[in-house]
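Accompanying notes for the structure given below.
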Amino acid sequence: MSTDTIGVAIIGTGIKGITLALGLMSRGIPVRVYERARDFHEIGAGIGFTLNAEWAMKVVDPRIHAAFKRVAMPNASDWFQWVDGFNEPGTDPRETEEQLLFKIYLGERGFEDCHRAQFLGELARLLPENVVTSHKALDTVEPAADKSLGQLLRFQDGTTATNRP
Ligand SMILES: Cc1cc2nc3c(=O)[nH]c(=O)nc-3n(C[C@H](O)[C@H](O)[C@H](O)COP(=O)(O)OP(=O)(O)OC[C@H]3O[C@@H](n4cnc5c(N)ncnc54)[C@H](O)[C@@H]3O)c2cc1C
């Protein structure tokens, strides 16, 4: 199947929705993104990525990785630690913290994090304007009556769309 017979509808402009859209578009696959909110939004928390995740960003679209690097900061620790959160710490006052089970060194700057909203903002800037439709909450998906149109998306405002261009 050639890429011009494929169309992908993506629901949500979170980090994954935008990342997927960029990756597909960079491979010549047309996408439309529908977001129920009126604009791009993210909670003000942080998010960190391992080197594997950074590698994946480069594979999907190097611009995604560059966007992350523009807002990334080194983490306070380059270790991932697993602790025993199941068993209560002992009664010995020296054992007030959960027991460390094991830890993995992630490498220098192997786990950088960023402010979610800043990363999302950088990603959103990479999307062409006409790709995202905001204030469109998906309700259901069903096969379109005309099979060549793929899937029929029904939105909560009563409108519909298909995933094929
Ligand atoms: C406290 C916390 C810490 C975390 N830390 C990390 C971390 O350090 N590293 C890491 O890799 N991951 C971390 N995660 C996980 C990571 O945050 C999530 O996996 C990721 O943000 C999810 O992105 P998303 O785009 O799939 O979803 P979301 O960010 O939830 O985006 C979904 C979007 O879809 C829209 N939407 C939903 N339903 C509809 C609909 N019906 N119609 C239209 N639009 C719709 C929403 O409005 C939203 O914009 C953490 C999660 C939490 C809760």
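Simple scheme: letters A, B, ... for chains in structure tokens order, numbers from 1 for residues in each chain, numbers from 1 for ligands in the order shown.
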Under the rule of at most 6 Å, produce a per-residue listing of chain A near ligand 1: chain, number, name, the closest pair of atoms, and the distance in Å, as JSON lines, using only C-alpha atoms and all ligand atoms.
{"residue": "A:Ile11", "atom": "CA", "partner": "ligand 1", "partner_atom_place_in_ligand_line": "44 (N)", "distance": 5.1}
{"residue": "A:Gly12", "atom": "CA", "partner": "ligand 1", "partner_atom_place_in_ligand_line": "34 (O)", "distance": 3.1}
{"residue": "A:Thr13", "atom": "CA", "partner": "ligand 1", "partner_atom_place_in_ligand_line": "49 (O)", "distance": 4.7}
{"residue": "A:Gly14", "atom": "CA", "partner": "ligand 1", "partner_atom_place_in_ligand_line": "25 (O)", "distance": 3.2}
{"residue": "A:Ile15", "atom": "CA", "partner": "ligand 1", "partner_atom_place_in_ligand_line": "25 (O)", "distance": 4.0}
{"residue": "A:Lys16", "atom": "CA", "partner": "ligand 1", "partner_atom_place_in_ligand_line": "25 (O)", "distance": 3.7}
{"residue": "A:Gly17", "atom": "CA", "partner": "ligand 1", "partner_atom_place_in_ligand_line": "25 (O)", "distance": 5.1}
{"residue": "A:Tyr34", "atom": "CA", "partner": "ligand 1", "partner_atom_place_in_ligand_line": "43 (C)", "distance": 5.5}
{"residue": "A:Glu35", "atom": "CA", "partner": "ligand 1", "partner_atom_place_in_ligand_line": "44 (N)", "distance": 3.8}
{"residue": "A:Arg36", "atom": "CA", "partner": "ligand 1", "partner_atom_place_in_ligand_line": "43 (C)", "distance": 3.9}
{"residue": "A:Ala37", "atom": "CA", "partner": "ligand 1", "partner_atom_place_in_ligand_line": "47 (O)", "distance": 5.4}
{"residue": "A:Ile47", "atom": "CA", "partner": "ligand 1", "partner_atom_place_in_ligand_line": "8 (O)", "distance": 4.0}
{"residue": "A:Gly48", "atom": "CA", "partner": "ligand 1", "partner_atom_place_in_ligand_line": "8 (O)", "distance": 3.8}
{"residue": "A:Phe49", "atom": "CA", "partner": "ligand 1", "partner_atom_place_in_ligand_line": "9 (N)", "distance": 5.2}
{"residue": "A:Lys136", "atom": "CA", "partner": "ligand 1", "partner_atom_place_in_ligand_line": "43 (C)", "distance": 5.7}
{"residue": "A:Ala137", "atom": "CA", "partner": "ligand 1", "partner_atom_place_in_ligand_line": "42 (N)", "distance": 3.5}
{"residue": "A:Leu138", "atom": "CA", "partner": "ligand 1", "partner_atom_place_in_ligand_line": "42 (N)", "distance": 3.9}
{"residue": "A:Asp139", "atom": "CA", "partner": "ligand 1", "partner_atom_place_in_ligand_line": "41 (N)", "distance": 5.9}
>> Just list as a PyMOL selection string whatever in chain A DSSP marks as strand (DSSP E).
In response: chain A and resi 8-11+31-34+46-50+73-74+79-83+100-105+111-115+132-133+138-143+151-155+160-162
> Using only C-alpha atoms, which of the listed residues (A:Ala21, A:Phe155, A:Gly46, A:Gly28) sits closest to Ser134 in chain A?
Replying inline: A:Phe155
> Pick from A:Gly121, A:Gly7, A:Gly85, A:Gly150: nearest to Glu97 in chain A, with only C-alpha atoms counted?
Replying inline: A:Gly85
>> Give me the residues near Ala53 in chain A as number ranges by chain, where near means some atom within 12 Å (using only C-alpha atoms) and where sequence neighbours in that chain fewer than 4 positions away do not count.
In response: A: 47-49, 57-60, 64-65, 68, 110-113
Could those selected residues go to a file with N, CA, C and O atoms, as an mmCIF file, in the first residue's frame?
data_model
loop_
_atom_site.group_PDB
_atom_site.id
_atom_site.type_symbol
_atom_site.label_atom_id
_atom_site.label_comp_id
_atom_site.auth_asym_id
_atom_site.auth_seq_id
_atom_site.Cartn_x
_atom_site.Cartn_y
_atom_site.Cartn_z
ATOM 1 N N ILE A 47 9.112 16.154 33.471
ATOM 2 C CA ILE A 47 9.146 14.820 32.860
ATOM 3 C C ILE A 47 10.589 14.543 32.463
ATOM 4 O O ILE A 47 11.280 15.437 31.981
ATOM 5 N N GLY A 48 11.043 13.310 32.712
ATOM 6 C CA GLY A 48 12.426 12.959 32.408
ATOM 7 C C GLY A 48 12.474 11.814 31.408
ATOM 8 O O GLY A 48 11.538 11.019 31.311
ATOM 9 N N PHE A 49 13.548 11.770 30.637
ATOM 10 C CA PHE A 49 13.678 10.727 29.615
ATOM 11 C C PHE A 49 15.039 10.053 29.714
ATOM 12 O O PHE A 49 16.064 10.721 29.864
ATOM 13 N N MET A 57 13.419 9.269 20.206
ATOM 14 C CA MET A 57 13.029 10.577 19.642
ATOM 15 C C MET A 57 13.769 10.825 18.336
ATOM 16 O O MET A 57 13.185 11.301 17.356
ATOM 17 N N LYS A 58 15.073 10.512 18.330
ATOM 18 C CA LYS A 58 15.870 10.757 17.117
ATOM 19 C C LYS A 58 15.373 9.907 15.961
ATOM 20 O O LYS A 58 15.367 10.353 14.810
ATOM 21 N N VAL A 59 14.978 8.661 16.262
ATOM 22 C CA VAL A 59 14.506 7.771 15.197
ATOM 23 C C VAL A 59 13.175 8.270 14.636
ATOM 24 O O VAL A 59 12.957 8.286 13.425
ATOM 25 N N VAL A 60 12.278 8.685 15.529
ATOM 26 C CA VAL A 60 10.951 9.133 15.077
ATOM 27 C C VAL A 60 11.089 10.392 14.223
ATOM 28 O O VAL A 60 10.545 10.490 13.132
ATOM 29 N N ILE A 64 12.356 16.232 17.061
ATOM 30 C CA ILE A 64 11.762 15.992 18.380
ATOM 31 C C ILE A 64 12.863 16.004 19.440
ATOM 32 O O ILE A 64 12.744 16.620 20.492
ATOM 33 N N HIS A 65 13.967 15.320 19.118
ATOM 34 C CA HIS A 65 15.087 15.287 20.061
ATOM 35 C C HIS A 65 15.679 16.684 20.233
ATOM 36 O O HIS A 65 15.992 17.107 21.355
ATOM 37 N N PHE A 68 13.546 18.608 22.549
ATOM 38 C CA PHE A 68 13.769 18.222 23.943
ATOM 39 C C PHE A 68 15.043 18.866 24.481
ATOM 40 O O PHE A 68 15.066 19.431 25.581
ATOM 41 N N GLY A 110 22.548 11.009 31.650
ATOM 42 C CA GLY A 110 21.780 9.926 31.025
ATOM 43 C C GLY A 110 20.302 10.026 31.311
ATOM 44 O O GLY A 110 19.516 9.245 30.790
ATOM 45 N N PHE A 111 19.909 10.938 32.166
ATOM 46 C CA PHE A 111 18.492 11.071 32.488
ATOM 47 C C PHE A 111 18.200 12.548 32.686
ATOM 48 O O PHE A 111 18.291 13.074 33.788
ATOM 49 N N GLU A 112 17.883 13.199 31.600
ATOM 50 C CA GLU A 112 17.610 14.632 31.682
ATOM 51 C C GLU A 112 16.109 14.852 31.753
ATOM 52 O O GLU A 112 15.328 14.063 31.222
ATOM 53 N N ASP A 113 15.727 15.921 32.409
ATOM 54 C CA ASP A 113 14.297 16.199 32.462
ATOM 55 C C ASP A 113 14.006 17.641 32.050
ATOM 56 O O ASP A 113 14.909 18.430 31.822
#
